[in-house]
$ cat model.txt   # compact mmCIF, C-alpha atoms
# COMPACT_ATOMS: atom_id res chain seq x y z
CA MET A 1 -2.52 24.06 5.93
CA ALA A 2 0.64 26.16 5.57
CA ASP A 3 2.89 23.10 5.42
CA ASP A 4 0.87 21.65 2.53
CA ARG A 5 1.65 24.70 0.39
CA LYS A 6 5.35 23.95 0.64
CA GLU A 7 4.79 20.58 -0.98
CA ARG A 8 4.97 20.51 -4.75
CA TYR A 9 3.57 17.01 -5.21
CA ILE A 10 0.71 15.15 -3.56
CA ASN A 11 1.10 12.53 -0.88
CA PRO A 12 0.11 9.13 -2.39
CA TYR A 13 -0.64 7.80 1.10
CA THR A 14 -3.75 9.99 1.22
CA ASP A 15 -7.01 8.66 -0.19
CA PHE A 16 -7.21 11.51 -2.70
CA GLY A 17 -3.57 11.16 -3.75
CA PHE A 18 -3.71 7.41 -4.27
CA LYS A 19 -6.93 7.47 -6.25
CA LYS A 20 -5.80 10.48 -8.28
CA LEU A 21 -2.74 8.57 -9.49
CA PHE A 22 -4.09 5.03 -9.77
CA GLY A 23 -7.88 5.10 -9.65
CA THR A 24 -8.93 7.17 -12.65
CA GLU A 25 -9.44 6.23 -16.28
CA MET A 26 -7.24 9.13 -17.35
CA ASN A 27 -4.29 7.72 -15.39
CA LYS A 28 -4.77 4.00 -15.90
CA ASP A 29 -1.44 3.84 -17.76
CA LEU A 30 0.21 4.67 -14.41
CA LEU A 31 -1.56 1.73 -12.78
CA ILE A 32 -0.61 -0.59 -15.66
CA SER A 33 3.05 0.42 -15.41
CA PHE A 34 3.06 -0.07 -11.64
CA LEU A 35 1.46 -3.53 -11.81
CA ASN A 36 3.81 -4.71 -14.56
CA ALA A 37 6.80 -3.47 -12.55
CA LEU A 38 5.44 -5.15 -9.43
CA PHE A 39 5.45 -8.53 -11.14
CA HIS A 40 8.78 -7.83 -12.88
CA ASP A 41 7.04 -8.08 -16.26
CA GLU A 42 6.03 -11.69 -15.62
CA GLN A 43 2.40 -10.51 -15.56
CA VAL A 44 2.31 -8.34 -18.67
CA ILE A 45 -0.81 -6.18 -18.62
CA LYS A 46 -1.75 -4.26 -21.75
CA ASP A 47 -5.00 -2.72 -20.52
CA VAL A 48 -7.23 -2.58 -17.45
CA LYS A 49 -10.91 -1.89 -16.88
CA TYR A 50 -11.94 -0.31 -13.61
CA LEU A 51 -14.67 -2.18 -11.74
CA ASN A 52 -17.10 -1.12 -9.01
CA SER A 53 -14.92 -0.81 -5.89
CA GLU A 54 -17.80 -1.34 -3.45
CA LYS A 55 -18.75 -4.96 -2.95
CA LEU A 56 -21.71 -6.26 -0.94
CA GLY A 57 -22.24 -9.72 0.48
CA GLU A 58 -24.98 -11.88 -0.96
CA GLY A 59 -27.19 -11.86 2.13
CA TYR A 60 -28.93 -9.05 3.99
CA GLY A 61 -26.63 -7.52 6.59
CA ASP A 62 -23.50 -9.14 5.12
CA ARG A 63 -20.25 -7.25 5.57
CA LYS A 64 -19.27 -5.14 2.56
CA ALA A 65 -15.84 -4.35 1.17
CA ILE A 66 -14.67 -1.08 -0.35
CA PHE A 67 -11.43 -1.36 -2.34
CA ASP A 68 -9.11 1.56 -3.10
CA VAL A 69 -8.70 0.31 -6.67
CA TYR A 70 -10.40 -2.68 -8.26
CA CYS A 71 -9.83 -3.59 -11.89
CA GLU A 72 -9.38 -6.43 -14.35
CA ASN A 73 -6.96 -6.90 -17.21
CA GLU A 74 -7.71 -7.90 -20.78
CA ASP A 75 -7.76 -11.59 -19.75
CA GLY A 76 -10.35 -11.06 -17.03
CA GLU A 77 -7.89 -11.45 -14.16
CA LYS A 78 -8.87 -9.33 -11.15
CA PHE A 79 -6.62 -6.91 -9.22
CA ILE A 80 -7.33 -5.34 -5.83
CA VAL A 81 -4.83 -2.57 -5.03
CA GLU A 82 -4.90 -1.15 -1.51
CA MET A 83 -2.93 1.62 0.19
CA GLN A 84 -2.85 0.58 3.84
CA LYS A 85 -1.99 3.67 5.87
CA VAL A 86 -1.84 2.17 9.37
CA GLU A 87 -1.44 -1.26 10.89
CA GLN A 88 -4.63 -3.16 11.67
CA ARG A 89 -4.98 -5.96 14.18
CA TYR A 90 -6.43 -8.42 11.65
CA PHE A 91 -4.86 -7.06 8.50
CA LYS A 92 -4.10 -10.46 6.96
CA ASP A 93 -7.64 -11.63 7.66
CA ARG A 94 -8.93 -8.51 5.93
CA SER A 95 -6.80 -9.22 2.86
CA VAL A 96 -8.10 -12.77 2.60
CA PHE A 97 -11.68 -11.59 3.16
CA TYR A 98 -11.35 -9.01 0.37
CA SER A 99 -10.04 -11.65 -2.03
CA THR A 100 -13.23 -13.69 -1.63
CA PHE A 101 -15.32 -11.06 -3.43
CA PRO A 102 -13.62 -11.29 -6.85
CA ILE A 103 -13.56 -15.06 -6.42
CA GLY A 104 -17.24 -15.34 -5.49
CA GLU A 105 -18.48 -13.05 -8.25
CA GLN A 106 -17.04 -15.41 -10.86
CA GLY A 107 -19.57 -18.07 -9.90
CA GLN A 108 -22.07 -18.83 -12.65
CA ARG A 109 -25.57 -20.15 -12.09
CA GLY A 110 -26.56 -23.38 -13.74
CA SER A 111 -24.97 -26.77 -14.18
CA ASP A 112 -22.68 -25.93 -17.12
CA TRP A 113 -20.10 -23.97 -15.14
CA ASP A 114 -16.94 -26.04 -14.55
CA PHE A 115 -15.54 -23.86 -11.70
CA ASN A 116 -12.67 -22.57 -13.83
CA LEU A 117 -11.54 -19.36 -12.13
CA LYS A 118 -9.62 -16.34 -13.36
CA SER A 119 -6.62 -15.30 -11.27
CA VAL A 120 -7.10 -12.85 -8.39
CA TYR A 121 -4.30 -10.58 -7.17
CA THR A 122 -4.44 -8.58 -3.95
CA VAL A 123 -1.76 -5.89 -3.71
CA GLY A 124 -1.13 -4.18 -0.37
CA ILE A 125 1.08 -1.08 -0.24
CA LEU A 126 1.79 -0.87 3.48
CA ASN A 127 2.81 2.27 5.34
CA PHE A 128 3.98 0.04 8.20
CA VAL A 129 5.97 -3.16 8.74
CA PHE A 130 4.58 -6.49 9.81
CA PRO A 131 4.80 -6.89 13.60
CA ASP A 132 7.06 -9.17 15.61
CA ASP A 133 9.91 -9.01 13.07
CA GLU A 134 8.09 -11.47 10.82
CA TYR A 135 10.47 -10.66 7.96
CA ASP A 136 14.11 -9.58 7.80
CA GLU A 137 14.79 -5.86 7.89
CA GLU A 138 15.92 -5.85 4.26
CA CYS A 139 12.94 -7.88 2.99
CA TYR A 140 10.11 -5.58 1.91
CA HIS A 141 8.53 -7.33 -1.12
CA HIS A 142 6.43 -10.40 -0.36
CA GLU A 143 4.51 -12.58 -2.84
CA VAL A 144 2.27 -15.11 -1.14
CA LYS A 145 0.44 -18.06 -2.72
CA LEU A 146 -1.22 -21.25 -1.49
CA MET A 147 1.63 -23.70 -0.94
CA ASP A 148 2.03 -27.38 -0.06
CA THR A 149 3.78 -27.29 3.32
CA LYS A 150 5.59 -30.57 2.72
CA ASP A 151 7.42 -30.06 -0.57
CA LYS A 152 6.91 -26.26 -0.80
CA HIS A 153 5.46 -26.23 -4.33
CA VAL A 154 2.70 -23.76 -5.23
CA PHE A 155 -0.53 -25.71 -4.87
CA PHE A 156 -2.82 -23.07 -6.42
CA ASP A 157 -1.37 -20.28 -8.53
CA LYS A 158 -4.54 -18.29 -9.23
CA LEU A 159 -4.65 -16.54 -5.83
CA THR A 160 -1.76 -14.19 -5.11
CA PHE A 161 -1.17 -11.69 -2.31
CA VAL A 162 1.58 -9.11 -2.77
CA TYR A 163 2.67 -6.93 0.15
CA LEU A 164 5.12 -4.04 0.08
CA GLU A 165 6.50 -2.92 3.46
CA MET A 166 7.25 0.62 2.34
CA PRO A 167 9.12 1.87 5.47
CA LYS A 168 11.83 -0.69 4.70
CA PHE A 169 12.51 0.68 1.22
CA ASN A 170 15.33 3.19 1.63
CA LYS A 171 17.09 3.27 -1.74
CA ALA A 172 18.27 6.67 -2.93
CA ASP A 173 17.50 7.84 -6.47
CA ASP A 174 21.00 6.90 -7.66
CA GLN A 175 20.51 3.31 -6.44
CA LEU A 176 17.42 2.50 -8.48
CA GLU A 177 18.06 -0.51 -10.70
CA ASN A 178 14.75 -1.21 -12.45
CA MET A 179 11.14 -0.05 -12.82
CA PHE A 180 10.14 -1.84 -9.63
CA ASP A 181 12.70 0.20 -7.65
CA LYS A 182 11.59 3.38 -9.37
CA TRP A 183 7.92 2.90 -8.53
CA LEU A 184 8.68 2.15 -4.89
CA PHE A 185 10.92 5.23 -4.72
CA VAL A 186 8.08 7.38 -6.08
CA LEU A 187 5.53 6.01 -3.64
CA ARG A 188 7.91 6.42 -0.71
CA ASN A 189 9.18 9.92 -1.53
CA LEU A 190 6.80 11.75 -3.87
CA SER A 191 5.47 14.32 -1.41
CA ARG A 192 9.02 15.18 -0.26
CA LEU A 193 10.42 15.86 -3.74
CA LEU A 194 10.79 19.30 -5.24
CA GLU A 195 11.43 18.08 -8.78
CA ARG A 196 11.50 14.89 -10.80
CA PRO A 197 14.81 13.05 -10.19
CA ALA A 198 17.07 12.38 -13.16
CA ALA A 199 16.67 8.64 -12.60
CA LEU A 200 12.96 8.85 -13.42
CA GLN A 201 13.07 9.87 -17.07
CA GLU A 202 10.57 7.35 -18.42
CA ARG A 203 7.47 8.85 -20.04
CA VAL A 204 5.18 7.29 -17.44
CA PHE A 205 6.94 9.22 -14.66
CA GLU A 206 6.81 12.43 -16.66
CA LYS A 207 3.04 12.05 -16.69
CA LEU A 208 2.90 11.02 -13.03
CA PHE A 209 4.73 14.13 -11.85
CA LYS A 210 2.43 16.35 -13.92
CA GLN A 211 -0.65 14.67 -12.46
CA ALA A 212 0.78 14.88 -8.93
CA GLU A 213 1.67 18.59 -9.06
CA ILE A 214 -0.59 20.39 -6.61
CA ALA A 215 -0.35 23.71 -8.47
CA ARG A 216 -2.16 22.14 -11.43
CA PHE A 217 -5.22 21.19 -9.37
CA SER A 218 -8.55 22.93 -9.74
CA PRO A 219 -9.84 24.73 -6.61
CA GLU A 220 -12.20 21.80 -5.99
CA GLU A 221 -9.37 19.27 -6.29
CA ARG A 222 -7.18 21.34 -4.00
CA GLN A 223 -9.92 21.46 -1.36
CA ASP A 224 -10.50 17.71 -1.61
CA TYR A 225 -6.78 17.05 -1.34
CA GLU A 226 -6.33 19.27 1.70
CA GLU A 227 -9.21 17.51 3.44
CA SER A 228 -7.64 14.15 2.59
CA VAL A 229 -4.29 15.30 4.01
CA LYS A 230 -5.99 16.41 7.23
CA ILE A 231 -7.67 13.02 7.66
CA TYR A 232 -4.38 11.23 6.97
CA ARG A 233 -2.43 13.36 9.46
CA ASP A 234 -5.08 13.05 12.16
CA LEU A 235 -5.03 9.27 11.76
CA LYS A 236 -1.24 9.14 11.80
CA ASN A 237 -1.04 11.39 14.87
CA SER A 238 -3.54 9.20 16.72
CA ILE A 239 -1.50 6.08 15.96
CA ASP A 240 1.80 7.78 16.84
CA THR A 241 0.33 8.96 20.15
CA ALA A 242 -0.90 5.46 21.02
CA VAL A 243 2.50 3.96 20.18
CA TRP A 244 4.27 6.63 22.27
CA LYS A 245 2.06 5.92 25.27
CA ASP A 246 2.79 2.18 25.00
CA LYS A 247 6.52 2.86 24.92
CA VAL A 248 6.30 5.14 27.96
CA GLN A 249 4.36 2.54 29.95
CA ILE A 250 6.91 -0.17 29.11
CA ALA A 251 9.78 2.15 30.00
CA ARG A 252 8.20 3.02 33.36
CA ARG A 253 7.74 -0.64 34.25
CA MET A 254 11.30 -1.49 33.24
CA LYS A 255 12.65 1.48 35.18
CA ALA A 256 10.71 0.42 38.28
CA LYS A 257 12.27 -3.04 38.02
CA GLY A 258 15.76 -1.59 37.92
CA TYR A 259 16.68 -2.06 34.26
CA ALA A 260 19.60 0.02 33.00
CA VAL A 261 18.67 3.14 31.05
CA GLU A 262 20.58 1.96 27.97
CA ASP A 263 18.61 -1.32 27.96
CA ILE A 264 15.31 0.52 28.25
CA ALA A 265 16.32 2.82 25.42
CA GLU A 266 17.26 -0.10 23.18
CA ILE A 267 13.97 -1.90 23.75
CA THR A 268 11.57 1.09 23.63
CA GLY A 269 13.33 3.44 21.24
CA LEU A 270 13.10 6.30 23.77
CA THR A 271 16.12 8.48 24.41
CA ALA A 272 18.02 8.40 27.69
CA GLU A 273 16.79 11.91 28.45
CA GLU A 274 13.17 10.89 27.93
CA ILE A 275 13.63 7.86 30.19
CA GLU A 276 15.29 9.90 32.94
CA LYS A 277 12.24 12.20 33.07
CA LEU A 278 9.78 9.35 33.68
$ encode --input "model.txt" --output "structure tokens"
Amino acid sequence: MADDRKERYINPYTDFGFKKLFGTEMNKDLLISFLNALFHDEQVIKDVKYLNSEKLGEGYGDRKAIFDVYCENEDGEKFIVEMQKVEQRYFKDRSVFYSTFPIGEQGQRGSDWDFNLKSVYTVGILNFVFPDDEYDEECYHHEVKLMDTKDKHVFFDKLTFVYLEMPKFNKADDQLENMFDKWLFVLRNLSRLLERPAALQERVFEKLFKQAEIARFSPEERQDYEESVKIYRDLKNSIDTAVWKDKVQIARRMKAKGYAVEDIAEITGLTAEEIEKL
């Protein structure tokens, strides 16, 4: 773990790091600030209450859901906040499935309930981009609602999915224009920073950097964090290896069919030297 000791601040993409910053009662002001920035202050949250993050289906053997962070605001609106470290084949299906739990638990027994629902928000912080160039390269913030496909108006505004494609966010600290930019910058760069940038002078970031400083951790917290980093890196290395193998196989097939090296490099992302060695 020698490399970890060179880091001053935790990696929020680890389970420990994300829950340390956003999943504890002591740091709920960080979560409130992030959510308000995410909705550009249209959804003004004054307080949140953390809820049980493990949800079971109603029947025996039903699939369960475990959220990274699950909370509700003072109006009873529910928020699922997930750090998605790697791409999953049915990621969108998973998001929709997760949203059914806070919807279903609002059901009331008896004939007096009128089916009036509180809003449900699912927030996905993605350490990957959607496949097949679904969105433009510059478009990293997506807010999805149920929409009428004919006239494009929002048909139901109480179910919202927000996705942040973090690899696309590349603003430097001197380009940050608002709190939304600042929060994305922190999530994207925290573990690579050696000090708090001048652009992040708000009190909430002062607290965040104190909470994220590894040197302040207890021995037990440090051990838990190091284990979380190991799991994260093993997972990332496995995914990177699988992606590399796919690229090599494609490059070999293209090379066998006589494609030019520069074309193979453009499509696979491999260098000319790597292709020549295949």
$ closest_residue --input "model.txt" --among "A:Asp157, A:Asp263, A:Asp47, A:His40" --to "A:Asp181" --atoms "only C-alpha atoms"
A:His40
$ residues_around --input "model.txt" --residues "A:Ser228" --least-positions-apart "3" --cutoff "7 Å" --atoms "all atoms listed in the file" --output "list in words"
Thr14, Asp15, Phe16, Asp224, Tyr225, Ile231 and Tyr232 of chain A
$ residues_around --input "model.txt" --residues "A:Asp29" --least-positions-apart "6" --cutoff "12 Å" --atoms "only C-alpha atoms" --output "count of residues only"
16
$ residues_around --input "model.txt" --residues "A:Glu105" --least-positions-apart "3" --cutoff "12 Å" --atoms "only C-alpha atoms" --output "JSON, numbers by chain"
{"A": [55, 56, 57, 58, 78, 98, 99, 100, 101, 102, 108, 109, 115, 117, 118, 120]}
$ closest_residue --input "model.txt" --among "A:Tyr13, A:Tyr140, A:Tyr50, A:Phe155" --to "A:Ser191" --atoms "all atoms listed in the file"
A:Tyr13
$ residues_around --input "model.txt" --residues "A:Asp68" --least-positions-apart "5" --cutoff "9 Å" --atoms "all atoms listed in the file" --output "VMD selection string"
chain A and resid 15 18 to 19 23 53 80 to 83
$ write_last_selection --input "model.txt" --atoms "C-alpha atoms" --output "CSV table (one decimal), in the coordinates of the input"
chain,number,residue,atom,x,y,z
A,15,ASP,CA,-7.0,8.7,-0.2
A,18,PHE,CA,-3.7,7.4,-4.3
A,19,LYS,CA,-6.9,7.5,-6.2
A,23,GLY,CA,-7.9,5.1,-9.6
A,53,SER,CA,-14.9,-0.8,-5.9
A,80,ILE,CA,-7.3,-5.3,-5.8
A,81,VAL,CA,-4.8,-2.6,-5.0
A,82,GLU,CA,-4.9,-1.2,-1.5
A,83,MET,CA,-2.9,1.6,0.2
$ closest_residue --input "model.txt" --among "A:Glu165, A:Lys277, A:Asp93, A:Leu176" --to "A:Asp136" --atoms "only C-alpha atoms"
A:Glu165
$ closest_residue --input "model.txt" --among "A:Lys85, A:Met166, A:Met179, A:Phe67" --to "A:Asp234" --atoms "all atoms listed in the file"
A:Lys85
$ atom_distance --input "model.txt" --atom1 "atom CA of A:Leu126" --atom2 "atom CA of A:Val243"
17.4 Å
$ atom_distance --input "model.txt" --atom1 "atom CA of A:Asp240" --atom2 "atom CA of A:Val86"
10.0 Å
$ atom_distance --input "model.txt" --atom1 "atom CA of A:Val96" --atom2 "atom CA of A:Lys236"
24.7 Å
$ closest_residue --input "model.txt" --among "A:Asn170, A:Cys71, A:Leu30, A:Tyr163" --to "A:Lys92" --atoms "only C-alpha atoms"
A:Tyr163
$ residues_around --input "model.txt" --residues "A:Asn178" --least-positions-apart "4" --cutoff "9 Å" --atoms "all atoms listed in the file" --output "list in words"
Ala37, His40, Lys182 and Trp183 of chain A
$ closest_residue --input "model.txt" --among "A:Leu159, A:Ala265, A:Leu190, A:Leu164" --to "A:Lys145" --atoms "only C-alpha atoms"
A:Leu159
